[in-house]
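Have a look at entry.cif below; it lists mmCIF, C-alpha atoms.
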data_start
#
loop_
_atom_site.label_atom_id
_atom_site.label_comp_id
_atom_site.auth_asym_id
_atom_site.auth_seq_id
_atom_site.Cartn_x
_atom_site.Cartn_y
_atom_site.Cartn_z
CA MET A 1 -14.94 -57.11 -123.37
CA ILE A 2 -15.13 -60.57 -121.83
CA ILE A 3 -15.24 -63.46 -124.24
CA GLY A 4 -17.85 -66.02 -123.36
CA ASN A 5 -18.38 -67.21 -119.84
CA GLY A 6 -17.18 -69.93 -117.55
CA LYS A 7 -13.66 -70.70 -116.44
CA HIS A 8 -12.45 -72.05 -119.78
CA ARG A 9 -13.79 -69.42 -122.15
CA ARG A 10 -12.08 -66.60 -120.34
CA THR A 11 -8.94 -67.58 -122.21
CA GLY A 12 -10.48 -65.98 -125.29
CA LEU A 13 -10.30 -62.64 -123.55
CA THR A 14 -6.54 -62.52 -123.74
CA ALA A 15 -6.13 -64.57 -126.87
CA LEU A 16 -8.07 -62.08 -128.95
CA ALA A 17 -7.17 -58.98 -126.99
CA LEU A 18 -10.64 -57.59 -127.56
CA LEU A 19 -10.14 -54.27 -125.84
CA PRO A 20 -12.00 -51.01 -126.47
CA LEU A 21 -10.39 -49.34 -129.48
CA ALA A 22 -12.71 -46.39 -129.93
CA ALA A 23 -10.63 -44.02 -127.82
CA LEU A 24 -7.71 -44.41 -130.17
CA ALA A 25 -9.67 -43.21 -133.18
CA ALA A 26 -9.70 -39.69 -131.81
CA CYS A 27 -5.92 -39.50 -131.39
CA GLY A 28 -4.23 -36.73 -133.26
CA GLY A 29 -1.32 -36.75 -135.64
CA GLY A 30 1.87 -38.62 -134.99
CA GLY A 31 4.91 -37.11 -133.38
CA GLY A 32 8.22 -38.82 -133.96
CA GLY A 33 6.52 -41.87 -135.41
CA SER A 34 8.92 -44.42 -136.83
CA ASP A 35 11.87 -42.10 -136.15
CA THR A 36 11.30 -42.38 -132.38
CA SER A 37 13.81 -44.62 -130.66
CA ALA A 38 14.54 -45.38 -127.03
CA GLU A 39 17.87 -44.36 -125.54
CA GLU A 40 20.30 -47.24 -125.12
CA GLY A 41 21.14 -46.39 -121.51
CA SER A 42 23.46 -48.28 -119.22
CA GLY A 43 21.69 -51.61 -119.34
CA LYS A 44 21.52 -51.52 -115.55
CA GLY A 45 19.15 -50.23 -112.89
CA THR A 46 15.39 -50.34 -112.39
CA ILE A 47 12.95 -50.47 -115.29
CA SER A 48 9.18 -50.04 -115.17
CA VAL A 49 6.87 -52.61 -116.78
CA TRP A 50 3.14 -52.24 -117.48
CA ALA A 51 0.81 -55.09 -118.30
CA HIS A 52 -2.93 -55.74 -118.42
CA GLN A 53 -4.46 -57.65 -115.55
CA GLY A 54 -6.44 -60.42 -117.23
CA GLN A 55 -7.38 -63.77 -115.79
CA ALA A 56 -5.66 -64.77 -112.56
CA SER A 57 -3.59 -67.58 -114.09
CA GLU A 58 -2.02 -65.20 -116.61
CA ALA A 59 -1.26 -62.58 -114.00
CA THR A 60 0.43 -65.25 -111.88
CA ALA A 61 2.51 -66.46 -114.83
CA LEU A 62 3.67 -62.91 -115.54
CA GLN A 63 4.40 -62.15 -111.89
CA ASN A 64 6.44 -65.33 -111.65
CA ALA A 65 8.38 -64.38 -114.77
CA VAL A 66 9.25 -60.95 -113.35
CA LYS A 67 10.23 -62.44 -109.98
CA SER A 68 12.42 -65.03 -111.68
CA PHE A 69 14.06 -62.39 -113.87
CA ASN A 70 14.92 -60.24 -110.88
CA SER A 71 16.44 -63.15 -109.00
CA SER A 72 18.36 -64.45 -112.04
CA GLN A 73 20.73 -61.47 -112.17
CA SER A 74 21.54 -58.29 -110.28
CA ALA A 75 22.08 -55.71 -113.01
CA VAL A 76 18.43 -54.97 -113.82
CA LYS A 77 15.34 -54.87 -111.60
CA ALA A 78 11.92 -54.93 -113.25
CA GLU A 79 9.01 -53.34 -111.40
CA LEU A 80 5.68 -54.67 -112.67
CA LYS A 81 2.46 -52.68 -112.61
CA LEU A 82 -0.75 -54.52 -113.49
CA ILE A 83 -3.59 -52.37 -114.81
CA PRO A 84 -7.19 -53.66 -114.99
CA GLU A 85 -7.92 -54.96 -118.46
CA LYS A 86 -10.95 -52.74 -119.03
CA ASP A 87 -8.82 -49.64 -118.40
CA TYR A 88 -5.58 -50.73 -120.00
CA THR A 89 -5.72 -49.38 -123.57
CA LYS A 90 -7.35 -46.17 -122.41
CA THR A 91 -4.58 -45.71 -119.85
CA ILE A 92 -1.85 -45.96 -122.49
CA THR A 93 -3.83 -43.72 -124.83
CA THR A 94 -4.28 -40.94 -122.27
CA THR A 95 -0.79 -41.12 -120.76
CA ASP A 96 1.85 -38.81 -122.16
CA ALA A 97 4.75 -40.63 -123.80
CA SER A 98 7.15 -39.23 -121.20
CA GLU A 99 5.14 -40.95 -118.45
CA LEU A 100 4.93 -44.37 -120.08
CA PRO A 101 7.07 -47.25 -118.77
CA ASP A 102 10.24 -48.71 -120.22
CA VAL A 103 8.39 -51.89 -121.20
CA LEU A 104 4.68 -52.16 -121.94
CA GLU A 105 2.20 -54.70 -123.15
CA PHE A 106 -0.36 -53.68 -125.76
CA ASP A 107 -3.24 -55.05 -127.79
CA GLY A 108 -1.78 -55.94 -131.20
CA PRO A 109 -4.13 -53.88 -133.41
CA THR A 110 -3.44 -50.74 -131.33
CA MET A 111 0.28 -50.81 -132.02
CA ALA A 112 0.32 -48.66 -135.15
CA ASN A 113 -1.67 -45.96 -133.40
CA PHE A 114 0.80 -45.91 -130.52
CA VAL A 115 3.69 -45.69 -132.98
CA TYR A 116 1.85 -42.91 -134.83
CA ASN A 117 1.54 -41.03 -131.56
CA SER A 118 5.22 -41.57 -130.66
CA LYS A 119 4.58 -43.90 -127.73
CA LEU A 120 6.48 -46.98 -128.91
CA ALA A 121 10.06 -47.40 -130.05
CA PRO A 122 11.43 -50.18 -132.26
CA VAL A 123 12.73 -53.14 -130.28
CA ASP A 124 15.39 -53.80 -132.93
CA GLY A 125 18.84 -53.36 -131.46
CA HIS A 126 17.53 -53.75 -127.91
CA VAL A 127 16.33 -57.35 -127.94
CA SER A 128 18.82 -59.99 -129.07
CA ALA A 129 18.98 -61.36 -132.60
CA LYS A 130 18.14 -64.74 -131.09
CA THR A 131 14.89 -63.43 -129.59
CA LEU A 132 13.85 -61.74 -132.82
CA GLY A 133 14.76 -64.78 -134.88
CA ASN A 134 12.80 -67.10 -132.59
CA ALA A 135 9.57 -65.13 -133.01
CA THR A 136 7.10 -66.77 -135.37
CA ASP A 137 6.66 -65.08 -138.74
CA ALA A 138 3.00 -64.39 -138.00
CA ILE A 139 3.66 -62.56 -134.72
CA LYS A 140 6.46 -60.57 -136.36
CA ALA A 141 4.03 -59.51 -139.10
CA GLN A 142 1.72 -58.04 -136.47
CA GLY A 143 4.56 -56.05 -134.91
CA GLU A 144 6.31 -54.70 -137.98
CA ILE A 145 6.07 -51.29 -139.66
CA ASP A 146 8.39 -50.32 -142.52
CA GLY A 147 10.86 -53.04 -141.64
CA LYS A 148 11.08 -52.12 -137.96
CA HIS A 149 9.68 -54.28 -135.16
CA TYR A 150 7.68 -52.54 -132.45
CA GLY A 151 6.16 -55.56 -130.74
CA LEU A 152 6.83 -59.21 -129.98
CA GLY A 153 4.30 -61.53 -128.38
CA MET A 154 4.35 -64.46 -126.01
CA PHE A 155 1.32 -65.95 -127.77
CA ASP A 156 -0.83 -65.68 -130.87
CA ALA A 157 -4.43 -66.46 -131.81
CA GLY A 158 -6.25 -68.32 -134.54
CA LEU A 159 -9.67 -69.25 -135.87
CA GLY A 160 -11.16 -72.52 -136.96
CA MET A 161 -14.28 -74.64 -137.08
CA TYR A 162 -14.85 -77.11 -134.26
CA ALA A 163 -16.89 -80.09 -135.37
CA ASN A 164 -18.83 -82.82 -133.56
CA LYS A 165 -17.74 -85.89 -135.53
CA LYS A 166 -20.62 -87.96 -134.19
CA LEU A 167 -23.21 -85.51 -135.55
CA LEU A 168 -21.41 -85.08 -138.88
CA ASP A 169 -21.14 -88.82 -139.37
CA ALA A 170 -24.83 -89.30 -138.56
CA ALA A 171 -25.70 -86.80 -141.30
CA GLY A 172 -23.30 -88.38 -143.77
CA VAL A 173 -21.18 -85.23 -143.94
CA LYS A 174 -17.56 -85.62 -144.98
CA TYR A 175 -15.28 -83.01 -143.47
CA PRO A 176 -11.77 -81.68 -144.15
CA THR A 177 -8.78 -82.85 -142.15
CA SER A 178 -6.35 -80.02 -142.92
CA VAL A 179 -6.04 -76.54 -144.41
CA ASP A 180 -5.26 -78.13 -147.77
CA ASP A 181 -8.71 -79.72 -148.15
CA ALA A 182 -10.90 -77.05 -146.60
CA TRP A 183 -14.57 -76.98 -147.54
CA THR A 184 -15.47 -74.51 -150.25
CA ALA A 185 -18.20 -72.09 -149.23
CA GLU A 186 -20.61 -74.07 -151.40
CA GLU A 187 -19.60 -77.36 -149.77
CA PHE A 188 -20.00 -75.81 -146.36
CA GLY A 189 -23.52 -74.68 -147.27
CA LYS A 190 -24.39 -78.22 -148.38
CA ALA A 191 -22.99 -79.59 -145.11
CA LEU A 192 -25.22 -77.23 -143.15
CA GLU A 193 -28.25 -78.36 -145.14
CA ALA A 194 -27.42 -82.04 -144.56
CA LEU A 195 -26.93 -81.46 -140.83
CA LYS A 196 -30.20 -79.55 -140.67
CA GLY A 197 -32.02 -82.67 -141.89
CA LYS A 198 -30.88 -84.55 -138.80
CA ASP A 199 -31.43 -81.75 -136.28
CA SER A 200 -34.67 -81.14 -134.37
CA ASP A 201 -34.67 -77.34 -134.70
CA GLY A 202 -32.47 -77.02 -137.79
CA LYS A 203 -29.95 -74.89 -135.92
CA VAL A 204 -26.61 -76.60 -136.52
CA LEU A 205 -24.02 -73.81 -136.49
CA ASP A 206 -22.63 -71.55 -133.74
CA ILE A 207 -20.78 -68.37 -134.78
CA SER A 208 -20.33 -67.07 -131.22
CA GLU A 209 -23.06 -64.47 -131.45
CA GLN A 210 -22.83 -64.06 -127.69
CA TYR A 211 -19.58 -62.11 -128.16
CA GLY A 212 -21.45 -59.49 -130.19
CA LEU A 213 -20.89 -59.08 -133.93
CA ALA A 214 -20.71 -55.29 -133.62
CA SER A 215 -17.46 -55.65 -131.66
CA GLU A 216 -13.88 -56.72 -132.31
CA TRP A 217 -15.21 -60.26 -132.60
CA GLY A 218 -17.14 -59.15 -135.69
CA THR A 219 -13.88 -58.09 -137.30
CA PHE A 220 -11.61 -60.87 -136.05
CA GLY A 221 -14.16 -63.60 -136.64
CA PHE A 222 -15.46 -62.64 -140.07
CA SER A 223 -12.86 -60.57 -141.91
CA PRO A 224 -11.45 -63.98 -143.00
CA ILE A 225 -14.55 -64.28 -145.21
CA VAL A 226 -13.58 -61.11 -147.07
CA TRP A 227 -9.92 -62.14 -147.35
CA SER A 228 -10.84 -65.65 -148.49
CA ALA A 229 -13.03 -64.17 -151.20
CA GLY A 230 -10.14 -62.11 -152.55
CA GLY A 231 -11.18 -58.81 -150.97
CA GLY A 232 -9.66 -56.89 -148.09
CA LEU A 233 -10.43 -54.41 -145.35
CA LEU A 234 -7.95 -52.05 -146.99
CA LYS A 235 -5.89 -52.08 -150.17
CA ASP A 236 -3.17 -49.49 -150.63
CA GLY A 237 -4.65 -47.46 -147.80
CA LYS A 238 -8.20 -47.42 -149.20
CA ALA A 239 -11.30 -49.43 -148.33
CA GLU A 240 -13.27 -48.63 -151.47
CA GLY A 241 -12.69 -51.30 -154.08
CA ALA A 242 -11.44 -53.79 -151.50
CA LEU A 243 -14.01 -53.99 -148.73
CA ASP A 244 -16.94 -53.44 -151.09
CA SER A 245 -15.57 -55.40 -154.06
CA PRO A 246 -18.04 -57.70 -155.87
CA LYS A 247 -16.25 -60.76 -154.44
CA ALA A 248 -16.48 -59.43 -150.88
CA VAL A 249 -20.15 -58.55 -151.35
CA SER A 250 -20.94 -62.00 -152.73
CA ALA A 251 -19.12 -63.72 -149.87
CA MET A 252 -20.93 -61.69 -147.21
CA LYS A 253 -24.23 -62.46 -148.91
CA THR A 254 -23.39 -66.15 -148.57
CA PHE A 255 -22.53 -65.60 -144.90
CA GLN A 256 -25.89 -63.88 -144.45
CA SER A 257 -27.66 -66.91 -145.93
CA TRP A 258 -26.27 -69.14 -143.18
CA LYS A 259 -28.22 -67.38 -140.46
CA THR A 260 -31.11 -69.78 -140.92
CA TYR A 261 -28.82 -72.57 -139.67
CA THR A 262 -27.34 -70.61 -136.77
CA ASP A 263 -28.08 -71.05 -133.08
CA PRO A 264 -28.00 -67.73 -131.16
CA ASN A 265 -25.89 -69.50 -128.50
CA THR A 266 -26.92 -67.07 -125.80
CA ASP A 267 -25.29 -69.08 -123.02
CA GLY A 268 -22.13 -69.85 -124.98
CA ASN A 269 -22.61 -73.60 -124.58
CA ALA A 270 -24.53 -74.66 -127.69
CA PHE A 271 -21.67 -76.72 -129.12
CA ALA A 272 -20.49 -78.21 -125.84
CA LYS A 273 -24.05 -79.34 -125.08
CA GLY A 274 -24.38 -81.02 -128.49
CA LYS A 275 -27.07 -78.62 -129.69
CA VAL A 276 -25.06 -77.74 -132.81
CA ALA A 277 -22.57 -79.73 -134.89
CA LEU A 278 -20.25 -76.87 -135.81
CA SER A 279 -18.74 -73.93 -133.94
CA TRP A 280 -16.96 -71.04 -135.72
CA VAL A 281 -14.60 -69.70 -133.06
CA GLY A 282 -10.97 -69.65 -131.94
CA HIS A 283 -8.48 -71.89 -130.22
CA TRP A 284 -9.54 -70.66 -126.77
CA ASN A 285 -12.64 -72.84 -126.67
CA TYR A 286 -10.64 -76.05 -126.97
CA PRO A 287 -10.49 -76.85 -123.21
CA ALA A 288 -14.25 -76.74 -122.76
CA TYR A 289 -14.99 -78.45 -126.07
CA SER A 290 -12.45 -81.20 -125.53
CA GLU A 291 -13.80 -81.86 -122.07
CA ALA A 292 -17.36 -82.06 -123.39
CA LEU A 293 -16.81 -84.10 -126.59
CA GLY A 294 -13.60 -86.04 -126.08
CA ASP A 295 -12.73 -88.12 -129.15
CA ASP A 296 -15.78 -86.79 -131.02
CA LEU A 297 -14.10 -83.37 -131.38
CA ALA A 298 -12.50 -82.38 -134.69
CA VAL A 299 -10.76 -79.10 -135.59
CA LEU A 300 -11.33 -77.83 -139.14
CA PRO A 301 -10.28 -74.76 -141.16
CA LEU A 302 -12.82 -72.09 -142.09
CA PRO A 303 -14.47 -72.38 -145.52
CA ASP A 304 -12.65 -71.33 -148.69
CA PHE A 305 -14.45 -68.58 -150.62
CA GLY A 306 -12.08 -68.82 -153.59
CA ASN A 307 -8.80 -67.28 -152.43
CA GLY A 308 -7.91 -70.08 -150.04
CA PRO A 309 -9.07 -70.54 -146.43
CA LYS A 310 -8.05 -67.70 -144.12
CA THR A 311 -7.78 -67.04 -140.40
CA GLY A 312 -7.23 -63.92 -138.37
CA GLN A 313 -4.18 -63.77 -136.11
CA GLY A 314 -2.56 -61.47 -133.59
CA SER A 315 -2.87 -60.86 -129.90
CA TRP A 316 -1.14 -59.13 -127.00
CA ALA A 317 2.43 -58.02 -127.62
CA TRP A 318 5.31 -56.42 -125.74
CA GLY A 319 7.21 -53.30 -126.70
CA ILE A 320 9.52 -50.57 -125.45
CA GLY A 321 8.31 -47.12 -124.49
CA ALA A 322 9.56 -44.46 -126.91
CA ASP A 323 10.77 -42.26 -124.06
CA SER A 324 12.67 -45.02 -122.24
CA LYS A 325 16.14 -43.98 -121.12
CA ASN A 326 17.25 -47.59 -120.72
CA GLY A 327 16.40 -49.51 -123.88
CA LYS A 328 19.24 -51.94 -123.30
CA ALA A 329 17.81 -53.03 -119.94
CA ALA A 330 14.32 -53.18 -121.44
CA GLY A 331 15.65 -55.47 -124.16
CA THR A 332 17.34 -57.68 -121.57
CA PHE A 333 14.02 -58.09 -119.80
CA LEU A 334 12.17 -58.90 -123.04
CA ASP A 335 14.81 -61.49 -123.95
CA TYR A 336 14.11 -63.20 -120.64
CA LEU A 337 10.33 -62.83 -120.84
CA LEU A 338 10.26 -64.48 -124.26
CA ASN A 339 12.28 -67.56 -123.31
CA ASP A 340 10.74 -71.03 -123.50
CA THR A 341 10.08 -71.29 -119.77
CA ASN A 342 8.02 -68.10 -119.60
CA VAL A 343 6.24 -68.52 -122.92
CA GLY A 344 5.43 -72.11 -121.96
CA ALA A 345 4.05 -71.07 -118.57
CA MET A 346 1.95 -68.28 -120.08
CA THR A 347 0.47 -70.38 -122.86
CA LYS A 348 -0.26 -73.16 -120.40
CA ALA A 349 -2.11 -70.56 -118.33
CA ASN A 350 -4.25 -69.24 -121.19
CA GLY A 351 -4.24 -72.03 -123.78
CA ALA A 352 -3.05 -69.73 -126.55
CA VAL A 353 -0.69 -70.55 -129.42
CA PRO A 354 2.98 -70.00 -128.45
CA ALA A 355 4.44 -67.14 -130.47
CA THR A 356 8.02 -68.38 -130.43
CA LYS A 357 9.27 -71.16 -132.69
CA SER A 358 11.00 -73.12 -129.94
CA ALA A 359 8.06 -73.03 -127.48
CA LEU A 360 5.65 -73.92 -130.28
CA ALA A 361 7.66 -77.00 -131.19
CA LYS A 362 7.41 -78.21 -127.56
CA SER A 363 3.70 -77.48 -127.09
CA GLU A 364 1.62 -80.58 -126.38
CA LEU A 365 -1.42 -78.93 -127.96
CA TYR A 366 0.10 -77.27 -131.02
CA LYS A 367 3.12 -79.35 -131.98
CA LYS A 368 3.04 -81.78 -134.92
CA GLY A 369 0.49 -84.45 -134.09
CA GLY A 370 -1.08 -82.34 -131.34
CA PRO A 371 -4.86 -81.83 -131.21
CA LEU A 372 -4.54 -78.18 -132.24
CA GLN A 373 -1.84 -78.58 -134.88
CA LEU A 374 -4.22 -76.96 -137.39
CA PHE A 375 -3.88 -73.59 -135.66
CA ALA A 376 -0.09 -73.82 -135.77
CA ASP A 377 -0.19 -74.89 -139.43
CA GLN A 378 -2.32 -71.87 -140.29
CA LEU A 379 0.00 -69.46 -138.47
CA ALA A 380 2.98 -71.03 -140.24
CA GLN A 381 1.58 -69.61 -143.50
CA PRO A 382 1.32 -65.88 -142.70
CA CYS A 383 0.08 -63.30 -145.19
CA GLY A 384 0.95 -60.15 -143.31
CA ASP A 385 -1.71 -57.47 -143.71
CA SER A 386 -1.49 -56.67 -147.43
CA ASP A 387 -0.27 -59.50 -149.69
CA ILE A 388 -3.25 -61.79 -149.19
CA SER A 389 -2.78 -64.50 -151.79
CA ALA A 390 -4.22 -67.99 -152.09
CA SER A 391 -0.94 -69.48 -150.85
CA CYS A 392 -1.09 -67.95 -147.35
CA VAL A 393 -3.58 -68.43 -144.52
CA ALA A 394 -3.04 -66.25 -141.43
CA VAL A 395 -3.87 -62.60 -142.06
CA THR A 396 -2.84 -59.76 -139.79
CA ARG A 397 -5.49 -57.13 -139.16
CA PRO A 398 -4.50 -53.89 -140.97
CA VAL A 399 -1.37 -52.40 -139.39
CA THR A 400 -2.48 -48.78 -139.48
CA ALA A 401 -3.07 -46.03 -136.97
CA GLY A 402 -6.56 -45.84 -138.44
CA TYR A 403 -7.43 -49.39 -137.38
CA PRO A 404 -9.97 -48.27 -134.76
CA THR A 405 -12.06 -46.74 -137.55
CA VAL A 406 -11.56 -49.72 -139.86
CA THR A 407 -12.75 -52.23 -137.28
CA ALA A 408 -15.63 -50.12 -136.02
CA LYS A 409 -17.06 -49.58 -139.51
CA PHE A 410 -16.48 -53.15 -140.65
CA ASN A 411 -17.96 -54.89 -137.63
CA THR A 412 -20.95 -52.57 -137.77
CA ALA A 413 -21.44 -53.71 -141.38
CA VAL A 414 -21.05 -57.38 -140.41
CA ASN A 415 -23.67 -56.98 -137.72
CA SER A 416 -26.13 -55.23 -140.03
CA ILE A 417 -25.60 -57.77 -142.83
CA TYR A 418 -26.22 -60.63 -140.43
CA GLY A 419 -29.34 -58.78 -139.35
CA GLY A 420 -30.67 -58.65 -142.92
CA ALA A 421 -29.19 -55.50 -144.46
CA ASP A 422 -28.15 -55.48 -148.11
CA PRO A 423 -24.48 -56.59 -148.15
CA LYS A 424 -23.47 -54.27 -150.99
CA GLU A 425 -24.99 -51.20 -149.35
CA ALA A 426 -23.57 -52.06 -145.92
CA LEU A 427 -20.04 -52.62 -147.22
CA GLN A 428 -20.11 -49.54 -149.44
CA LYS A 429 -21.23 -47.44 -146.49
CA ALA A 430 -18.41 -48.83 -144.35
CA ALA A 431 -15.82 -48.29 -147.10
CA ARG A 432 -16.87 -44.67 -147.63
CA ALA A 433 -16.71 -43.92 -143.91
CA ILE A 434 -13.26 -45.49 -143.57
CA ASP A 435 -11.88 -43.60 -146.55
CA ARG A 436 -13.31 -40.28 -145.31
CA ASP A 437 -11.57 -40.80 -141.99
CA PHE A 438 -8.28 -41.68 -143.67
CA THR A 439 -8.54 -38.61 -145.91
CA ASP A 440 -9.22 -36.42 -142.88
CA ASN A 441 -6.12 -37.82 -141.19
CA ALA A 442 -3.73 -37.72 -144.17
CA GLY A 443 -3.84 -41.48 -144.49
CA TYR A 444 -2.47 -41.99 -140.98
CA GLU A 445 1.01 -42.01 -142.50
CA ILE A 446 3.68 -42.61 -139.88
CA PRO A 447 6.57 -40.16 -140.37
#
What does the file become when written as C-alpha cells?
Amino acid sequence: MIIGNGKHRRTGLTALALLPLAALAACGGGGGGSDTSAEEGSGKGTISVWAHQGQASEATALQNAVKSFNSSQSAVKAELKLIPEKDYTKTITTTDASELPDVLEFDGPTMANFVYNSKLAPVDGHVSAKTLGNATDAIKAQGEIDGKHYGLGMFDAGLGMYANKKLLDAAGVKYPTSVDDAWTAEEFGKALEALKGKDSDGKVLDISEQYGLASEWGTFGFSPIVWSAGGGLLKDGKAEGALDSPKAVSAMKTFQSWKTYTDPNTDGNAFAKGKVALSWVGHWNYPAYSEALGDDLAVLPLPDFGNGPKTGQGSWAWGIGADSKNGKAAGTFLDYLLNDTNVGAMTKANGAVPATKSALAKSELYKKGGPLQLFADQLAQPCGDSDISASCVAVTRPVTAGYPTVTAKFNTAVNSIYGGADPKEALQKAARAIDRDFTDNAGYEIP
C-alpha cells in the first residue's frame, strides 16, 4: 500500500511498513519456533541478503551500504536481492525456510509469524553486543520474543499531531509543547470546536483518510486511542475485555464524534494547503508540511484519553534466516549495516527516526532541539506490547503470530465506527473474531 502521494509522502510507505498481512493469517503451526537458531558457520564466504524495493532513495542507500561493506573487507561478500515492495511479504511467506537468505528484511508486525513458522533465527550471539546495545529500546521491543531478539531496525516510526500555529492562534487555541502537557481528549474536542468557529466549512482536522482506515493505517493510526484509554488490542492473549472494554468503547465513541470536524483529505494535501489546522499522521509528512508552513508548523502529541498520550511505533527490521549456515557472517554484515554511516544515510533518504542511539543523537531532525524531537522523546519512553501504563508512550503492535487477524479485525472496526457503527458492537465483534482465531490456532504459542 502506498502512503499518500507526491515525492515527500512516499516516505510513509517505508516508515510504516504497511504491507499486505492477510496472507500470513493462513499460515499453519510453527515448526522450530524460538528453538530455531542459525548455524554459526565459518564467518567467511558469500551470504545472500533480501530486502524490499521501496522508494529509489532508500534502494540507493541500501545498495551503497552493501557495496561499501564488500569493499571494506575480504572475508564476507554480501549479495543483495531487491524484491518489489508489493510482493515482498508474500514472497517470504510462500518461500520454504530452506530457500530463504542468510539475511532478510521484514515488516515489523510480521516477525512473530515468521518466527512461529521457523523462518527467523535469533540474532543474539551473531551480532555484536555493541550493535545490540546501540539499538533503541523501542526498536528492540518490536524485535523481541521471550528474551530473544529476532530483528533490529535501521529506523523507527511515530505518530503525532501537526498543527498550523497561525490558525490555532487566530482561534485562540492554546496547544501543548511536549508529551508532558498533551491535550486531554476533552480539551482536544474543545480545540476542534474553537477552530471550527474560524473555519469556512468547519472541517479543521485531517486524520489521513486517504490511506484507508480499513488498512494497516487504521490500526497504526488509531490503536493509540485504545491504549491511551487504558484498553488494549490484546491482554494476556485475549481481545475480549481489552479491545471491547468500557474505556476503549468510550474512547472510540469520542473519536467517532470528531468526524464532523474532519476533512476527507482526498488529495492528501488538506493540511499543507491550509484547509485544516490539525493533521493526525506520522513523522513522514514533515518534509512536505515544513516546506508548506515553515515557522507556522508545530508538532504535538496525540490526545490523552486518561492513560497518558500514546503513539504507535515499529517499522522495517533486519533478521537472520533460520536455515542460514553462516550466522557469524550474517551478524558481521548486520553490524556494518547498523553503523552510524549507514543508518544516517538511510534515514536521510526516507526521513524516518533513526533506530540506533548514536545515529539518533546526531540527527538534525530528531536530536535534542531538533524540529522532530517530540517523536524521539516518545520513542524514548517505550511500553513494549503488553505493559501499557501511563508512564510510557510508544506502544509496539502486538508481537504475536496472530497479528494479521488482530489488525484486520481491529481496523475493520475502526472503519465501521468512523462510518457510524455502534462502537461497543463493532469492538465486541472484532474481539470475538480475534479470540476465535486464537483459540483455533492454540493461541499462536511459539514453541
**Asked** Which one is closest to Leu159 of chain A: A:Ile320, A:Ala361, A:Leu302, A:Val204? Count only C-alpha atoms.
**Response** A:Leu302
**Asked** Using only C-alpha atoms, which of the listed residues (A:Gly158, A:Gly268, A:Gly314, A:Pro176) sits closest to Tyr211 of chain A?
**Response** A:Gly268
**Prompt:** Skipping near chain neighbours, those fewer than 5 positions away, what residues fall within 6 Å of segment 236-245 of chain A using all atoms listed in the file, listed as a PyMOL selection string?
**Reply:** chain A and resi 231+427-428+431+435
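Atom CA of Lys81 of chain A lies 6.4 Å from atom CA of Ala51 of chain A.
For the structure in this document, the set picked by the PyMOL selection byres ((chain A and resi 282) around 8) is Gly12, Ala157, Gly158, Leu159, Gly160, Met161, Trp280, Val281, His283, Trp284 and Asn285 of chain A.
Using all atoms listed in the file, the shortest contact distance between Pro447 of chain A and any of A:Gly419, A:Ala182, A:Ala401, A:Ser389 is found at A:Ala401.
Candidate residues A:Thr407, A:Ser416, A:Gln256, A:Ser228 were compared for distance to Cys383 of chain A, and the nearest is A:Ser228, using all atoms listed in the file.
Atom CA of Gly54 of chain A sits 11.1 Å away from atom CA of Ala349 of chain A.
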Pull out every residue that the PyMOL selection byres ((chain A and resi 74) around 12) matches in the shown coordinates and put them as a CSV table (one decimal) with C-alpha atoms, in the coordinates of the input.
chain,number,residue,atom,x,y,z
A,43,GLY,CA,21.7,-51.6,-119.3
A,44,LYS,CA,21.5,-51.5,-115.6
A,45,GLY,CA,19.2,-50.2,-112.9
A,46,THR,CA,15.4,-50.3,-112.4
A,68,SER,CA,12.4,-65.0,-111.7
A,69,PHE,CA,14.1,-62.4,-113.9
A,70,ASN,CA,14.9,-60.2,-110.9
A,71,SER,CA,16.4,-63.2,-109.0
A,72,SER,CA,18.4,-64.4,-112.0
A,73,GLN,CA,20.7,-61.5,-112.2
A,75,ALA,CA,22.1,-55.7,-113.0
A,76,VAL,CA,18.4,-55.0,-113.8
A,77,LYS,CA,15.3,-54.9,-111.6
A,78,ALA,CA,11.9,-54.9,-113.2
A,329,ALA,CA,17.8,-53.0,-119.9
